[in-house]
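What follows is query.cif (mmCIF, C-alpha atoms).
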```
data_coords
loop_
_atom_site.label_atom_id
_atom_site.label_comp_id
_atom_site.auth_asym_id
_atom_site.auth_seq_id
_atom_site.Cartn_x
_atom_site.Cartn_y
_atom_site.Cartn_z
CA MET A 23 0.00 0.00 0.00
CA ILE A 24 1.22 3.49 -0.87
CA SER A 25 1.98 5.48 2.27
CA ALA A 26 4.06 8.36 3.57
CA PHE A 27 3.07 10.69 0.76
CA THR A 28 2.47 14.38 1.44
CA LEU A 29 -0.85 15.86 0.38
CA LEU A 30 -1.72 19.55 0.31
CA VAL A 31 -5.43 20.26 0.92
CA VAL A 32 -6.55 23.72 -0.17
CA ASP A 33 -10.04 24.91 0.80
CA ASP A 34 -11.34 28.14 2.32
CA GLU A 35 -13.96 26.23 4.35
CA LYS A 36 -12.61 24.92 7.65
CA GLN A 37 -15.15 22.09 7.71
CA ASN A 38 -14.01 20.81 4.31
CA ARG A 39 -10.36 20.91 5.35
CA ALA A 40 -11.20 18.96 8.50
CA LEU A 41 -13.23 16.39 6.55
CA LEU A 42 -10.44 15.70 4.05
CA THR A 43 -7.83 15.61 6.82
CA GLU A 44 -9.82 13.01 8.73
CA LEU A 45 -10.25 11.01 5.55
CA LEU A 46 -6.57 11.00 4.55
CA GLN A 47 -4.33 11.47 7.57
CA SER A 48 -4.24 7.78 8.53
CA GLU A 49 -2.32 6.99 5.33
CA HIS A 50 -0.62 10.25 4.41
CA ARG A 51 0.91 13.42 5.75
CA VAL A 52 -1.65 16.20 5.24
CA ILE A 53 -0.78 19.91 4.94
CA LEU A 54 -3.55 22.51 4.92
CA ALA A 55 -3.99 25.85 3.17
CA LYS A 56 -7.02 28.12 3.53
CA ASP A 57 -6.54 30.35 0.47
CA GLY A 58 -4.68 30.59 -2.83
CA LYS A 59 -1.73 32.60 -1.56
CA GLN A 60 -1.11 30.15 1.27
CA ALA A 61 -1.47 27.24 -1.15
CA LEU A 62 1.30 28.57 -3.40
CA GLU A 63 3.61 29.21 -0.45
CA ARG A 64 3.10 25.73 0.98
CA ALA A 65 3.36 24.03 -2.39
CA ARG A 66 6.78 25.64 -2.95
CA GLY A 67 7.92 25.06 0.62
CA HIS A 68 6.75 21.47 1.13
CA GLN A 69 6.76 20.08 -2.42
CA PRO A 70 3.71 17.86 -1.81
CA ASP A 71 3.13 14.73 -3.86
CA LEU A 72 -0.47 15.70 -4.66
CA ILE A 73 -2.63 18.82 -4.25
CA LEU A 74 -6.39 18.71 -3.56
CA LEU A 75 -7.60 22.13 -4.65
CA ASP A 76 -10.95 23.85 -4.21
CA VAL A 77 -12.06 26.15 -7.04
CA LEU A 78 -14.38 28.60 -5.29
CA MET A 79 -12.16 30.64 -2.97
CA PRO A 80 -12.12 34.40 -2.31
CA GLU A 81 -9.43 36.69 -3.80
CA MET A 82 -7.64 33.90 -5.68
CA ASP A 83 -9.70 31.01 -7.01
CA GLY A 84 -8.47 27.51 -7.78
CA TYR A 85 -8.10 28.19 -11.50
CA SER A 86 -5.72 31.06 -10.74
CA VAL A 87 -3.81 28.87 -8.28
CA ILE A 88 -3.25 26.06 -10.79
CA ARG A 89 -2.06 28.57 -13.41
CA GLU A 90 0.55 29.83 -10.95
CA LEU A 91 1.57 26.28 -10.05
CA LYS A 92 2.04 25.30 -13.68
CA ASN A 93 4.06 28.45 -14.42
CA ASP A 94 6.56 27.74 -11.64
CA ASP A 95 9.41 25.27 -12.24
CA GLN A 96 9.26 24.24 -8.57
CA THR A 97 5.62 23.17 -8.69
CA ARG A 98 4.65 22.53 -12.31
CA ASN A 99 4.95 18.76 -11.99
CA ILE A 100 2.89 18.38 -8.81
CA PRO A 101 -0.42 16.72 -9.78
CA VAL A 102 -3.57 18.64 -8.87
CA ILE A 103 -7.05 17.27 -8.24
CA PHE A 104 -9.89 19.77 -8.15
CA VAL A 105 -12.40 19.07 -5.36
CA THR A 106 -15.24 21.50 -5.86
CA ALA A 107 -18.98 22.12 -5.81
CA LEU A 108 -18.82 23.17 -9.47
CA ASP A 109 -20.06 20.06 -11.23
CA SER A 110 -20.92 21.01 -14.81
CA ALA A 111 -19.15 19.42 -17.75
CA GLY A 112 -17.81 22.84 -18.72
CA ASP A 113 -16.27 23.35 -15.26
CA GLU A 114 -14.62 19.94 -15.38
CA GLU A 115 -13.31 20.56 -18.90
CA ARG A 116 -11.83 23.90 -17.85
CA GLY A 117 -10.07 22.35 -14.86
CA LEU A 118 -8.57 19.52 -16.93
CA GLU A 119 -7.44 21.93 -19.65
CA LEU A 120 -5.57 23.94 -17.03
CA GLY A 121 -3.60 20.84 -16.09
CA ALA A 122 -5.57 19.10 -13.33
CA VAL A 123 -5.27 15.31 -13.33
CA ASP A 124 -8.76 14.74 -11.93
CA TYR A 125 -11.95 16.53 -10.95
CA ILE A 126 -14.05 15.47 -7.94
CA SER A 127 -17.43 17.07 -7.34
CA LYS A 128 -18.78 17.90 -3.89
CA PRO A 129 -20.43 16.35 -2.02
CA PHE A 130 -18.07 13.46 -2.60
CA ASN A 131 -18.06 9.79 -1.64
CA PRO A 132 -15.14 9.22 0.80
CA ALA A 133 -14.39 5.73 -0.53
CA ILE A 134 -14.19 6.99 -4.11
CA VAL A 135 -11.94 9.88 -3.08
CA ARG A 136 -9.55 7.47 -1.37
CA VAL A 137 -9.40 5.21 -4.44
CA ARG A 138 -8.82 8.09 -6.84
CA ILE A 139 -6.08 9.54 -4.67
CA ARG A 140 -4.47 6.12 -4.30
CA ASN A 141 -4.49 5.65 -8.07
CA HIS A 142 -2.88 9.03 -8.72
CA LEU A 143 -0.25 8.43 -6.05
CA GLN A 144 0.53 5.09 -7.64
CA SER A 145 1.22 6.96 -10.87
CA VAL A 146 3.44 9.40 -8.97
CA HIS A 147 5.34 6.48 -7.45
CA GLN A 148 5.82 4.74 -10.80
CA ARG A 149 6.95 7.94 -12.52
CA ARG A 150 9.53 8.60 -9.82
CA MET A 151 10.81 5.06 -10.02
CA LEU A 152 11.29 5.45 -13.78
CA GLU A 153 12.98 8.82 -13.30
CA GLN A 154 15.28 7.34 -10.70
CA MET A 155 16.18 4.42 -12.94
CA ALA A 156 16.94 6.84 -15.78
CA MET A 157 19.45 8.60 -13.50
CA LEU A 158 21.32 5.43 -12.47
CA ASP A 159 24.03 3.57 -14.30
CA SER A 160 22.62 0.16 -15.12
CA LEU A 161 25.92 -1.65 -14.56
CA THR A 162 27.19 -0.17 -11.29
CA GLY A 163 23.97 1.12 -9.72
CA ILE A 164 25.51 4.51 -8.94
CA PRO A 165 24.37 7.79 -10.60
CA ASN A 166 25.08 8.09 -14.31
CA ARG A 167 26.40 10.94 -16.46
CA ARG A 168 22.96 12.48 -16.86
CA ARG A 169 22.49 12.65 -13.10
CA PHE A 170 26.00 14.01 -12.68
CA ASN A 171 25.24 16.88 -15.08
CA ASP A 172 22.16 17.82 -13.05
CA VAL A 173 23.96 17.64 -9.69
CA PHE A 174 26.95 19.55 -11.06
CA GLN A 175 24.70 22.42 -12.15
CA GLN A 176 22.99 22.50 -8.76
CA GLU A 177 26.22 22.39 -6.76
CA TRP A 178 27.87 25.00 -8.96
CA ARG A 179 25.03 27.44 -8.30
CA ARG A 180 24.91 26.63 -4.59
CA CYS A 181 28.66 27.02 -4.06
CA MET A 182 28.62 30.25 -6.08
CA ARG A 183 25.82 31.59 -3.90
CA ASP A 184 27.57 30.57 -0.68
CA GLY A 185 31.05 31.58 -1.81
CA VAL A 186 32.55 28.17 -0.99
CA PRO A 187 34.88 25.93 -3.03
CA LEU A 188 33.75 23.12 -5.28
CA SER A 189 36.19 20.29 -5.90
CA MET A 190 35.88 17.93 -8.85
CA ILE A 191 37.74 14.71 -9.51
CA VAL A 192 37.90 12.63 -12.67
CA ALA A 193 39.11 9.05 -12.11
CA ASP A 194 40.08 6.40 -14.64
CA VAL A 195 40.92 2.70 -14.27
CA ASP A 196 44.49 2.12 -15.34
CA HIS A 197 44.97 -0.02 -18.46
CA PHE A 198 41.36 -1.18 -18.38
CA LYS A 199 41.26 -2.19 -22.06
CA ALA A 200 44.14 -4.58 -21.46
CA PHE A 201 42.26 -5.99 -18.48
CA ASN A 202 39.16 -6.65 -20.59
CA ASP A 203 41.22 -8.21 -23.36
CA THR A 204 42.88 -10.56 -20.87
CA TYR A 205 40.17 -11.42 -18.35
CA GLY A 206 37.01 -10.79 -20.39
CA HIS A 207 34.29 -8.19 -20.26
CA ALA A 208 32.34 -9.94 -17.50
CA ALA A 209 35.36 -9.63 -15.21
CA GLY A 210 35.74 -6.02 -16.34
CA ASP A 211 32.13 -5.33 -15.36
CA ASP A 212 32.81 -6.81 -11.93
CA VAL A 213 35.79 -4.49 -11.52
CA LEU A 214 33.70 -1.42 -12.40
CA ARG A 215 31.02 -2.42 -9.91
CA HIS A 216 33.65 -2.97 -7.24
CA ILE A 217 35.30 0.39 -7.87
CA ALA A 218 31.93 2.15 -7.75
CA VAL A 219 31.27 0.70 -4.29
CA THR A 220 34.77 1.59 -3.07
CA LEU A 221 34.50 5.18 -4.28
CA GLN A 222 31.10 5.60 -2.65
CA THR A 223 32.46 4.21 0.61
CA SER A 224 35.31 6.72 0.49
CA LEU A 225 32.88 9.66 0.47
CA ARG A 226 32.32 10.88 3.99
CA ARG A 227 29.55 13.49 3.82
CA PRO A 228 25.96 13.38 2.56
CA GLY A 229 26.73 16.08 -0.03
CA ASP A 230 29.64 14.20 -1.61
CA PHE A 231 28.73 12.69 -4.95
CA VAL A 232 30.17 10.04 -7.27
CA ALA A 233 28.93 8.95 -10.70
CA ARG A 234 30.04 6.76 -13.56
CA TYR A 235 30.79 9.15 -16.39
CA GLY A 236 31.22 6.48 -19.04
CA GLY A 237 33.37 3.46 -19.80
CA GLU A 238 35.96 3.11 -17.04
CA GLU A 239 35.74 6.78 -16.02
CA PHE A 240 34.18 8.09 -12.81
CA VAL A 241 33.55 11.62 -11.54
CA ILE A 242 33.37 12.89 -7.97
CA LEU A 243 31.97 16.19 -6.68
CA LEU A 244 32.99 17.52 -3.28
CA PRO A 245 31.14 20.76 -2.50
CA GLY A 246 32.58 22.94 0.23
CA ILE A 247 35.93 21.09 0.36
CA ASP A 248 39.20 22.89 -0.41
CA SER A 249 41.93 21.42 -2.57
CA GLU A 250 43.91 20.02 0.37
CA GLY A 251 40.95 18.13 1.80
CA ALA A 252 39.75 16.94 -1.59
CA ARG A 253 43.18 15.71 -2.61
CA ALA A 254 43.51 13.80 0.67
CA LEU A 255 40.17 12.11 0.05
CA CYS A 256 41.28 11.15 -3.47
CA GLU A 257 44.50 9.66 -2.17
CA HIS A 258 42.49 7.66 0.36
CA ALA A 259 40.19 6.33 -2.38
CA ARG A 260 43.15 5.48 -4.63
CA ALA A 261 44.86 3.58 -1.81
CA ASP A 262 41.66 1.71 -0.93
CA ILE A 263 41.28 0.43 -4.48
CA GLU A 264 44.93 -0.60 -4.71
CA ALA A 265 44.66 -2.39 -1.35
CA GLU A 266 41.95 -4.65 -2.78
CA ARG A 267 44.66 -6.36 -4.87
CA ILE A 268 42.32 -7.26 -7.73
CA PRO A 269 44.64 -9.15 -10.12
CA HIS A 270 45.71 -7.27 -13.27
CA GLU A 271 48.77 -9.16 -14.46
CA VAL A 272 49.05 -7.28 -17.77
CA SER A 273 49.06 -3.81 -16.20
CA ALA A 274 52.22 -1.78 -16.71
CA VAL A 275 51.61 -0.09 -13.34
CA ALA A 276 51.12 -2.90 -10.81
CA PRO A 277 50.01 -6.54 -10.78
CA TRP A 278 46.57 -5.45 -9.58
CA ILE A 279 43.87 -2.92 -10.43
CA THR A 280 44.78 0.73 -9.84
CA ILE A 281 43.22 4.06 -10.71
CA SER A 282 44.50 7.48 -11.67
CA LEU A 283 42.77 10.65 -10.53
CA GLY A 284 42.90 14.27 -11.61
CA GLY A 285 41.27 17.05 -9.65
CA ALA A 286 40.66 20.76 -9.45
CA THR A 287 39.14 23.13 -6.90
CA ARG A 288 37.59 26.48 -7.65
CA ILE A 289 35.15 28.87 -6.01
CA PRO A 290 32.45 29.16 -8.69
CA GLN A 291 32.01 32.61 -10.17
CA GLU A 292 29.10 33.83 -12.24
CA GLU A 293 31.34 34.90 -15.10
CA THR A 294 33.03 31.51 -15.41
CA SER A 295 31.66 28.33 -16.95
CA ASN A 296 31.22 25.20 -14.88
CA ALA A 297 32.40 23.22 -17.92
CA GLY A 298 35.83 24.71 -17.30
CA LEU A 299 36.12 22.93 -13.97
CA PHE A 300 35.46 19.55 -15.54
CA CYS A 301 37.97 20.21 -18.33
CA LEU A 302 40.56 21.26 -15.76
CA ALA A 303 40.09 18.11 -13.67
CA ASP A 304 40.19 15.99 -16.82
CA THR A 305 43.42 17.67 -17.91
CA TRP A 306 45.01 16.83 -14.58
CA LEU A 307 43.86 13.25 -14.93
CA TYR A 308 46.07 13.09 -18.02
CA HIS A 309 48.93 14.59 -16.00
CA ALA A 310 48.47 11.73 -13.50
CA LYS A 311 48.57 9.19 -16.33
CA ASN A 312 51.62 10.74 -17.96
CA ALA A 313 53.42 10.77 -14.60
CA GLY A 314 53.09 6.99 -14.29
CA ARG A 315 49.44 6.37 -13.27
CA ASN A 316 48.16 5.06 -9.92
CA ARG A 317 48.40 8.56 -8.49
CA VAL A 318 46.54 11.81 -7.86
CA ALA A 319 47.39 14.99 -9.79
CA TRP A 320 45.83 18.29 -8.78
CA ALA A 321 45.42 21.60 -10.56
CA PRO A 322 47.23 24.46 -8.78
CA ALA A 323 45.19 27.18 -7.16
CA THR A 324 44.68 30.40 -9.11
#
```

Please express what this file holds, its structure, as C-alpha cells.
Amino acid sequence: MISAFTLLVVDDEKQNRALLTELLQSEHRVILAKDGKQALERARGHQPDLILLDVLMPEMDGYSVIRELKNDDQTRNIPVIFVTALDSAGDEERGLELGAVDYISKPFNPAIVRVRIRNHLQSVHQRRMLEQMAMLDSLTGIPNRRRFNDVFQQEWRRCMRDGVPLSMIVADVDHFKAFNDTYGHAAGDDVLRHIAVTLQTSLRRPGDFVARYGGEEFVILLPGIDSEGARALCEHARADIEAERIPHEVSAVAPWITISLGGATRIPQEETSNAGLFCLADTWLYHAKNAGRNRVAWAPAT
C-alpha cells in the first residue's frame, strides 16, 4: 500500500479541510492551506506529492492557483485534483485543460476519493521510479552521467551563492582495455562495480557525490571542500582500491587494479563556466597518467 506521501489540501472552508484531513491522515501526511496565496507558499515550501484544490475561494480562485503552479518550475509537476462544488461538464473541462489530473465534485463519496487519490499516487510512485532508474548507471547502480550533469549544475550554483569551493575529480581505471582483453568483459564489469562501491564508501559526507561518467571513467563532486581536503580524500580512495589487490597481471603499473585521478578546486564565479572545472580536472587526470598512473594529480590554485 502506498503510504508516507504528502498531500496539500486547499479549501477556504474549515469544515471541508477537516473532513479531508480526517479522511486521509491515517495513510498520508496532510498539509492545509485556507486560500490561494497560502497554497502557493506551501506548495513551494513542502513540495507535496499531490494537491487537492478547491475552485471557489475568495481573492484567488483555484483556477488562478493552478495557473501559478504550472508556471513555476518548482511546482509545475505536482499533480492537482480539483475538489469542488462546481459540477458542470464545462467546469470539469476547464479544470482539466488547465492541467488538473482529476476533478471530484462535492459532495463526494469518501471511498471513491480514497481510491482516486491512491491511483494518482501510484502513478506518482511509478513515474519517480522510472525517473530514478533513468538517472542510475545500469551496470554499477551509482548515478550516471545524466544525473551528474544535473547535480553539477545544482552544486555550482549553490557554491557560487555561498562563496565556498567546489572540488571535482575525474578518475580512470588504469589499463582497463588490457584488463578486458585478458580477463574478459564480464570480469571487467565486476571491476567497475567494485570500484563504484569503493568510491562511494570513500565519500564521507551526505553532499559528496560520485557517478560513472562512461566506460571506465568516474567523476566525484565535493562541495565545500578545499583542494587540500579533496586531494587527501582522493588519495584515500586510490589507496583503498589498490589495497583490494584485484589481479591485473598485464598492467604496466602494478600486478593489480589501480586508478589514476585528476582534480581541481575552484570557487564558482558567475562569469566563469562550470564546464571549465570539468575540463581542468580531466586535464590533470592526463597529468596523472603521464606521470606513471596510480596517483593523484591536482590543478594548482589560481

Students should find that CA of Gly285 in chain A and CA of Ala265 in chain A are spaced 21.4 Å

Might you spell out which residues the PyMOL selection byres ((chain A and resi 288-305) around 8) would select in the displayed file, as number ranges by chain? A: 175, 178-179, 181-182, 185-192, 284-287, 306-309, 320-321, 323

Please provide the set of residues having any atom within 7 Å of range 236-240 of chain A, restricted to all atoms listed in the file, with same-chain residues fewer than 2 positions apart removed, written as a ChimeraX atom specification. /A:192-195,214,233-234,242

Quick one: distance from CA of Ile53 in chain A to CA of Gln144 in chain A in Å, one decimal?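 Interatomic distance, CA of Ile53 in chain A to CA of Gln144 in chain A: 19.5 Å.
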
So which residues fall inside 9 Å of (-1.8, 15.9, 0.6) if we count only C-alpha atoms? Mind giving them as a list in words? Phe27, Thr28, Leu29, Leu30, Val31, Thr43, Leu46, Gln47, His50, Arg51, Val52, Ile53, Leu54, Pro70, Asp71, Leu72, Ile73 and Leu74 of chain A

Identify all residues satisfying the PyMOL selection byres ((chain A and resi 231) around 6) in the given file; provide them as a PyMOL selection string. chain A and resi 230+232+242-243

What is the distance between CA of Glu115 in chain A and CA of Ile139 in chain A, in Å to one decimal?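 So the two atoms, CA of Glu115 in chain A and CA of Ile139 in chain A, lie 19.4 Å apart.
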
Check the smallest atom-to-atom distance from each of A:Ser145, A:Gln37, A:Ser127, A:Ser273 to Ala107 in chain A using all atoms listed in the file, then report the winner.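 Checking each of A:Ser145, A:Gln37, A:Ser127, A:Ser273 against Ala107 in chain A, counting all atoms listed in the file, the winner is A:Ser127.
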
Counting all atoms listed in the file, figure out which residue out of A:Asp113, A:Asp159, A:Asp34, A:Asp184 gets nearest to Arg215 in chain A.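 Smallest distance to Arg215 in chain A is found for A:Asp159.
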
Name the closest residue to Val123 in chain A among the candidates A:Arg138, A:Lys199, A:Arg169, A:His270; distances are taken between atoms, counting only C-alpha atoms. A:Arg138

Excluding Ile268 in chain A and residues on its chain fewer than 4 positions from it, collect all residues at most 10 Å away from it, counting only C-alpha atoms, and give them as a ChimeraX atom specification. /A:213,216,263-264,277-280

Would you list the contacts of Asp57 in chain A as a ChimeraX atom specification, taking every protein, DNA or RNA residue within 8 Å and counting only C-alpha atoms, but skipping same-chain residues closer than 2 positions in sequence? /A:32-34,55,59-61,79-80,82

Using the chain letters and numbers from the file, give me the residues hit by the PyMOL selection byres ((chain A and resi 157) around 12), as a ChimeraX atom specification. /A:150-156,158-160,162-173,233-235

Smallest atom-to-atom distance to Glu177 in chain A: which of A:Ala40, A:Leu244, A:Ala319, A:Leu62, using all atoms listed in the file?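 Using all atoms listed in the file, the shortest distance to Glu177 in chain A belongs to A:Leu244.
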
Could you tell me, as a PyMOL selection string, which residues have any atom at most 6 Å from (37.4, 6.1, -4.9), counting only C-alpha atoms? chain A and resi 220-221+224+259-260

Put range 44-66 of chain A into a file with N, CA and C atoms, as a compact mmCIF listing (two decimals), in the first residue's frame.
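And here is the file that came out, selection22.txt:
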```
# COMPACT_ATOMS: atom_id res chain seq x y z
N GLU A 44 -9.39 14.23 8.05
CA GLU A 44 -9.82 13.01 8.73
C GLU A 44 -9.83 11.82 7.78
N LEU A 45 -10.16 12.07 6.55
CA LEU A 45 -10.25 11.01 5.55
C LEU A 45 -8.87 10.48 5.15
N LEU A 46 -7.85 11.35 5.16
CA LEU A 46 -6.57 11.00 4.55
C LEU A 46 -5.41 10.83 5.51
N GLN A 47 -5.51 11.38 6.71
CA GLN A 47 -4.33 11.47 7.57
C GLN A 47 -3.85 10.11 8.10
N SER A 48 -4.69 9.09 8.06
CA SER A 48 -4.24 7.78 8.53
C SER A 48 -3.23 7.15 7.59
N GLU A 49 -3.23 7.56 6.32
CA GLU A 49 -2.32 6.99 5.33
C GLU A 49 -1.26 7.96 4.85
N HIS A 50 -1.50 9.26 5.00
CA HIS A 50 -0.62 10.25 4.41
C HIS A 50 -0.38 11.43 5.35
N ARG A 51 0.67 12.15 5.06
CA ARG A 51 0.91 13.42 5.75
C ARG A 51 0.08 14.49 5.05
N VAL A 52 -0.73 15.22 5.82
CA VAL A 52 -1.65 16.20 5.24
C VAL A 52 -1.24 17.60 5.68
N ILE A 53 -1.07 18.49 4.69
CA ILE A 53 -0.78 19.91 4.94
C ILE A 53 -2.00 20.70 4.47
N LEU A 54 -2.33 21.75 5.21
CA LEU A 54 -3.55 22.51 4.92
C LEU A 54 -3.22 23.93 4.47
N ALA A 55 -4.06 24.45 3.59
CA ALA A 55 -3.99 25.85 3.17
C ALA A 55 -5.42 26.36 3.04
N LYS A 56 -5.65 27.58 3.51
CA LYS A 56 -7.02 28.12 3.53
C LYS A 56 -7.31 29.10 2.40
N ASP A 57 -6.30 29.45 1.60
CA ASP A 57 -6.54 30.35 0.47
C ASP A 57 -5.46 30.12 -0.59
N GLY A 58 -5.60 30.80 -1.72
CA GLY A 58 -4.68 30.59 -2.83
C GLY A 58 -3.26 31.00 -2.53
N LYS A 59 -3.08 32.13 -1.88
CA LYS A 59 -1.73 32.60 -1.56
C LYS A 59 -1.01 31.60 -0.66
N GLN A 60 -1.70 31.13 0.36
CA GLN A 60 -1.11 30.15 1.27
C GLN A 60 -0.82 28.84 0.55
N ALA A 61 -1.67 28.48 -0.38
CA ALA A 61 -1.47 27.24 -1.15
C ALA A 61 -0.17 27.31 -1.94
N LEU A 62 0.09 28.43 -2.60
CA LEU A 62 1.30 28.57 -3.40
C LEU A 62 2.54 28.53 -2.51
N GLU A 63 2.48 29.20 -1.37
CA GLU A 63 3.61 29.21 -0.45
C GLU A 63 3.92 27.81 0.05
N ARG A 64 2.89 27.06 0.42
CA ARG A 64 3.10 25.73 0.98
C ARG A 64 3.46 24.71 -0.09
N ALA A 65 2.96 24.92 -1.29
CA ALA A 65 3.36 24.03 -2.39
C ALA A 65 4.85 24.17 -2.68
N ARG A 66 5.34 25.41 -2.69
CA ARG A 66 6.78 25.64 -2.95
C ARG A 66 7.62 25.16 -1.77
```
